[in-house]
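Chemist: Please find work26.tsv (TSV, C-alpha atoms and all ligand atoms) on the next line:
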```tsv
chain	number	residue	atom	x	y	z
A	31	MET	CA	-10.65	15.26	28.71
A	32	ALA	CA	-9.49	13.02	25.90
A	33	THR	CA	-6.22	13.06	23.96
A	34	ILE	CA	-6.46	11.78	20.41
A	35	ASN	CA	-4.12	11.65	17.42
A	36	VAL	CA	-5.82	13.16	14.37
A	37	ASN	CA	-4.17	13.60	10.98
A	38	GLY	CA	-0.74	13.30	12.54
A	39	ALA	CA	-1.30	15.79	15.36
A	40	ARG	CA	-1.94	15.16	19.04
A	41	ARG	CA	-5.14	16.92	20.08
A	42	GLU	CA	-6.60	17.39	23.53
A	43	VAL	CA	-10.34	17.83	23.68
A	44	GLN	CA	-12.70	18.64	26.53
A	45	ALA	CA	-15.34	15.98	26.05
A	46	PRO	CA	-16.81	13.16	28.12
A	47	ASP	CA	-15.34	9.76	27.27
A	48	ASP	CA	-18.53	8.55	25.59
A	49	THR	CA	-18.86	11.52	23.23
A	50	PRO	CA	-19.10	10.28	19.64
A	51	LEU	CA	-15.82	10.86	17.81
A	52	LEU	CA	-17.82	12.53	15.01
A	53	TYR	CA	-18.97	15.31	17.36
A	54	VAL	CA	-15.42	15.92	18.55
A	55	LEU	CA	-14.05	16.04	15.01
A	56	ARG	CA	-16.72	18.39	13.69
A	57	ASN	CA	-17.49	20.56	16.70
A	58	ASP	CA	-14.21	20.73	18.58
A	59	LEU	CA	-11.60	20.26	15.87
A	60	GLU	CA	-13.53	21.82	12.95
A	61	LEU	CA	-12.85	18.84	10.72
A	62	VAL	CA	-16.08	18.78	8.73
A	63	GLY	CA	-15.24	16.17	6.10
A	64	PRO	CA	-17.02	13.47	8.12
A	65	GLN	CA	-20.79	14.00	7.90
A	66	PHE	CA	-23.67	13.16	10.22
A	67	GLY	CA	-26.01	10.97	8.19
A	68	CYS	CA	-27.85	8.34	10.20
A	69	GLY	CA	-25.98	8.43	13.53
A	70	LEU	CA	-26.45	4.66	13.74
A	71	ALA	CA	-23.50	3.16	11.81
A	72	GLN	CA	-25.88	2.44	8.95
A	73	CYS	CA	-24.77	4.75	6.12
A	74	GLY	CA	-21.02	5.48	6.21
A	75	ALA	CA	-21.20	9.27	5.84
A	76	CYS	CA	-19.22	9.78	9.07
A	77	ALA	CA	-16.40	7.36	8.25
A	78	VAL	CA	-12.78	7.95	9.25
A	79	LEU	CA	-9.74	5.69	9.24
A	80	VAL	CA	-8.54	4.40	12.61
A	81	ASP	CA	-5.19	2.66	12.24
A	82	GLY	CA	-6.07	2.22	8.57
A	83	LYS	CA	-9.49	0.68	9.14
A	84	GLU	CA	-12.74	2.38	8.19
A	85	VAL	CA	-14.68	3.24	11.34
A	86	ARG	CA	-18.08	4.86	11.78
A	87	SER	CA	-17.27	7.87	13.94
A	88	CYS	CA	-20.94	8.50	14.83
A	89	VAL	CA	-20.96	5.47	17.14
A	90	THR	CA	-17.32	5.49	18.24
A	91	PRO	CA	-16.74	6.89	21.74
A	92	VAL	CA	-13.86	9.33	21.65
A	93	ALA	CA	-12.07	7.62	24.54
A	94	SER	CA	-12.03	4.31	22.66
A	95	VAL	CA	-9.66	5.64	20.00
A	96	ALA	CA	-7.14	7.33	22.29
A	97	GLY	CA	-3.64	6.40	21.17
A	98	GLN	CA	-4.76	5.25	17.73
A	99	GLU	CA	-4.05	7.00	14.44
A	100	ILE	CA	-7.18	8.76	13.18
A	101	THR	CA	-7.28	10.01	9.59
A	102	THR	CA	-10.13	12.15	8.31
A	103	LEU	CA	-10.80	13.21	4.74
A	104	GLU	CA	-8.73	16.33	5.47
A	105	GLY	CA	-5.75	14.12	6.34
A	106	LEU	CA	-5.70	12.03	3.16
A	107	PRO	CA	-3.17	14.21	1.27
A	108	ALA	CA	-0.68	14.02	4.15
A	109	ARG	CA	-1.30	10.27	4.45
A	110	TRP	CA	-0.41	9.83	0.78
A	111	ALA	CA	2.57	12.18	1.03
A	112	LYS	CA	3.96	10.20	3.96
A	113	LEU	CA	3.48	6.92	2.10
A	114	LYS	CA	5.33	8.30	-0.93
A	115	GLY	CA	8.05	10.03	1.10
A	116	LEU	CA	7.27	13.44	-0.41
A	117	THR	CA	8.87	16.63	0.88
A	118	ALA	CA	6.76	19.06	2.92
A	119	GLU	CA	6.67	21.40	-0.09
A	120	GLN	CA	5.46	18.63	-2.42
A	121	ALA	CA	2.94	17.46	0.17
A	122	ARG	CA	1.32	20.89	0.32
A	123	ASN	CA	0.47	20.64	-3.38
A	124	THR	CA	-0.64	17.02	-3.37
A	125	LEU	CA	-4.06	15.42	-3.27
A	126	HIS	CA	-4.54	11.80	-2.33
A	127	PRO	CA	-5.07	9.74	-5.54
A	128	VAL	CA	-8.58	8.91	-4.32
A	129	GLN	CA	-9.43	12.60	-4.11
A	130	GLN	CA	-7.79	13.24	-7.49
A	131	ALA	CA	-9.78	10.44	-9.08
A	132	TRP	CA	-13.02	11.64	-7.51
A	133	ILE	CA	-12.43	15.09	-9.04
A	134	GLU	CA	-11.37	13.82	-12.45
A	135	GLU	CA	-14.33	11.41	-12.64
A	136	GLN	CA	-16.73	14.07	-11.24
A	137	THR	CA	-18.10	11.36	-8.97
A	138	PRO	CA	-20.28	13.24	-6.44
A	139	GLN	CA	-23.79	14.47	-7.02
A	140	CYS	CA	-24.99	16.19	-3.83
A	141	GLY	CA	-21.76	15.02	-2.18
A	142	PHE	CA	-23.15	14.19	1.24
A	143	CYS	CA	-22.07	10.54	1.27
A	144	GLN	CA	-18.78	11.03	-0.52
A	145	ASN	CA	-16.60	11.44	2.56
A	146	GLY	CA	-17.43	7.87	3.49
A	147	MET	CA	-16.96	6.66	-0.06
A	148	MET	CA	-13.45	8.12	-0.27
A	149	ILE	CA	-12.50	6.77	3.15
A	150	LYS	CA	-13.72	3.29	2.18
A	151	ALA	CA	-11.87	3.52	-1.14
A	152	THR	CA	-8.66	4.47	0.67
A	153	GLU	CA	-9.00	1.57	3.09
A	154	LEU	CA	-9.53	-0.81	0.17
A	155	LEU	CA	-6.68	0.48	-2.01
A	156	GLU	CA	-4.18	0.41	0.84
A	157	LYS	CA	-4.87	-3.33	1.17
A	158	ASN	CA	-5.47	-4.16	-2.49
A	159	SER	CA	-3.85	-1.87	-5.04
A	160	ASN	CA	-5.69	-3.33	-8.03
A	161	PRO	CA	-9.15	-4.51	-6.95
A	162	THR	CA	-11.59	-6.17	-9.32
A	163	VAL	CA	-15.09	-4.78	-9.73
A	164	ASP	CA	-16.39	-7.57	-7.51
A	165	GLN	CA	-13.84	-6.73	-4.82
A	166	ILE	CA	-14.82	-3.05	-5.00
A	167	LYS	CA	-18.50	-3.95	-4.66
A	168	GLN	CA	-17.71	-6.26	-1.77
A	169	ALA	CA	-15.73	-3.54	0.03
A	170	PHE	CA	-18.56	-1.03	-0.24
A	171	THR	CA	-21.36	-3.43	0.63
A	172	SER	CA	-20.04	-6.08	3.01
A	173	SER	CA	-16.78	-5.05	4.67
A	174	GLY	CA	-18.18	-2.52	7.15
A	175	PRO	CA	-21.01	-2.45	9.67
A	176	SER	CA	-23.40	-1.59	6.80
A	177	PRO	CA	-23.18	-0.86	3.08
A	178	ASN	CA	-22.01	2.66	2.25
A	179	LEU	CA	-25.20	4.35	1.13
A	180	CYS	CA	-25.64	7.03	-1.55
A	181	ARG	CA	-29.11	8.48	-1.89
A	182	CYS	CA	-28.13	10.02	-5.24
A	183	GLY	CA	-27.15	6.62	-6.67
A	184	THR	CA	-23.54	7.33	-7.64
A	185	TYR	CA	-22.53	3.70	-7.21
A	186	VAL	CA	-21.35	3.10	-10.79
A	187	ALA	CA	-19.36	6.32	-10.76
A	188	ILE	CA	-17.75	5.26	-7.47
A	189	ILE	CA	-16.57	1.96	-8.95
A	190	GLU	CA	-15.03	3.84	-11.89
A	191	ALA	CA	-13.39	6.33	-9.53
A	192	VAL	CA	-11.84	3.57	-7.44
A	193	GLN	CA	-10.40	2.00	-10.60
A	194	HIS	CA	-9.10	5.41	-11.68
A	195	ALA	CA	-7.53	5.97	-8.24
A	196	ALA	CA	-5.82	2.59	-8.50
A	197	THR	CA	-4.32	3.68	-11.83
A	198	ILE	CA	-3.08	6.97	-10.37
A	199	MET	CA	-1.57	5.14	-7.40
A	200	ALA	CA	0.18	2.69	-9.69
A	201	LYS	CA	1.77	5.60	-11.54
A	202	GLY	CA	2.82	7.02	-8.17
A	203	ARG	CA	1.63	10.51	-8.83
B	301	LIG	S1	-23.67	8.86	10.25
B	301	LIG	FE1	-22.34	7.31	10.91
B	301	LIG	S2	-22.85	5.61	9.67
B	301	LIG	FE2	-24.36	7.08	9.19
B	302	LIG	S1	-23.84	11.95	-3.81
B	302	LIG	FE1	-25.69	12.51	-2.81
B	302	LIG	S2	-25.92	11.01	-1.26
B	302	LIG	FE2	-24.26	10.30	-2.44
```
Kindly return the structure encoded in the file as structure tokens.
Ligand code: FES
Ligand code: FES

Modeler:
Amino acid sequence: MATINVNGARREVQAPDDTPLLYVLRNDLELVGPQFGCGLAQCGACAVLVDGKEVRSCVTPVASVAGQEITTLEGLPARWAKLKGLTAEQARNTLHPVQQAWIEEQTPQCGFCQNGMMIKATELLEKNSNPTVDQIKQAFTSSGPSPNLCRCGTYVAIIEAVQHAATIMAKGR
């Protein structure tokens, strides 16, 4: 059995220590934002934040993240609400600026990779609130175990969405 902290809640799961975190999130906790793409840390579709860092959950043993703060796509609104000190009522009606920007820019095509893109964008913007285009490209291509891959080729739209998210964050909405 493993005890993990996901989206602010302590969860106990019946899984061997070496079970990939992705399987636990999707199959045991019904958090289906993270996707199974390659299963080899080579695409980014399965990404989650662990203590604020983008991690490929397909190759992360569940026991290795016990005691750390795991945030999935589903937890981004609460993460933003906590950062901004919003009330519980306000938090219920809030999207993370990254999610808001992705909607307003209509970034996804098929959508399969976009979980990882939004997690990577969140990691970047929490460290650098106003990244340049080069810094955005660097984050998505060189900061993780592999570039974040999109088979539909939404890369330009992703750069624009990150810039839009930065604007929303700066306004604090
Ligand atoms: S599914 Fe984990 S990186 Fe591709
Ligand atoms: S939107 Fe289809 S793989 Fe990226």

Chemist: Excluding A:Ala108 and its own-chain neighbours fewer than 6 positions away, which residues fall within 12 Å of it when counting all atoms listed in the file? Please give them as number ranges by chain.

Modeler: A: 36-39, 101-102, 114-127

Chemist: Using all atoms listed in the file, which protein or nucleic acid residues come within 12 Å of stretch 138-143 of chain A? Drop anything in the same chain fewer than 6 positions from it, and give the result as JSON, numbers by chain.

Modeler: {"A": [62, 63, 64, 65, 66, 67, 68, 72, 73, 74, 75, 76, 77, 129, 131, 132, 149, 150, 177, 178, 179, 180, 181, 182, 183, 184, 185, 186, 187, 188, 191]}

Chemist: I want to know what sits within 12 Å of A:Thr197, based on all atoms listed in the file, with residues of the same chain fewer than 5 positions away left out; could you give that as a list in words?

Modeler: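 Close residues of A:Thr197: Pro127, Val128, Gln130, Ala131, Leu155, Ser159, Asn160, Pro161, Glu190, Ala191, Val192, Gly202 and Arg203 of chain A.
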
Chemist: Ranking A:Leu113, A:Ala195, A:Ala151, A:Leu59 by minimum distance to A:Thr171 and counting all atoms listed in the file, which one comes first?

Modeler: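 Smallest separation from A:Thr171 among the options: A:Ala151.
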
Chemist: Report the distance between atom CA of A:Val85 and atom CA of A:Gly146 in Å, rounded to one decimal place.

Modeler: 9.5 Å

Chemist: Counting only C-alpha atoms, what is within 7 Å of A:Glu99, bar same-chain residues fewer than 4 positions away, as a VMD selection string?

Modeler: chain A and resid 35 to 36 80 to 81

Chemist: Calculate how many Å separate atom FE2 of ligand LIG 302 (chain B) from atom CA of A:Gln144, rounding to one decimal.

Modeler: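 Separating atom FE2 of ligand LIG 302 (chain B) from atom CA of A:Gln144 is a distance of 5.9 Å.
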
Chemist: Take atom CA of A:Cys88 and atom CA of A:Ile189 and report the distance between them in Å, one decimal.

Modeler: 25.0 Å

Chemist: Go through A:Ala32, A:Val54, A:Leu70, A:Leu61 and flag the residue nearest ligand LIG 301 (chain B), using only C-alpha atoms and all ligand atoms for the distances.

Modeler: A:Leu70

Chemist: Name the closest residue to ligand LIG 301 (chain B) among the candidates A:Thr152, A:Ser94, A:Ser176, A:Gln136; distances are taken between atoms, counting only C-alpha atoms and all ligand atoms.

Modeler: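 The answer is A:Ser176, which sits nearest to ligand LIG 301 (chain B).
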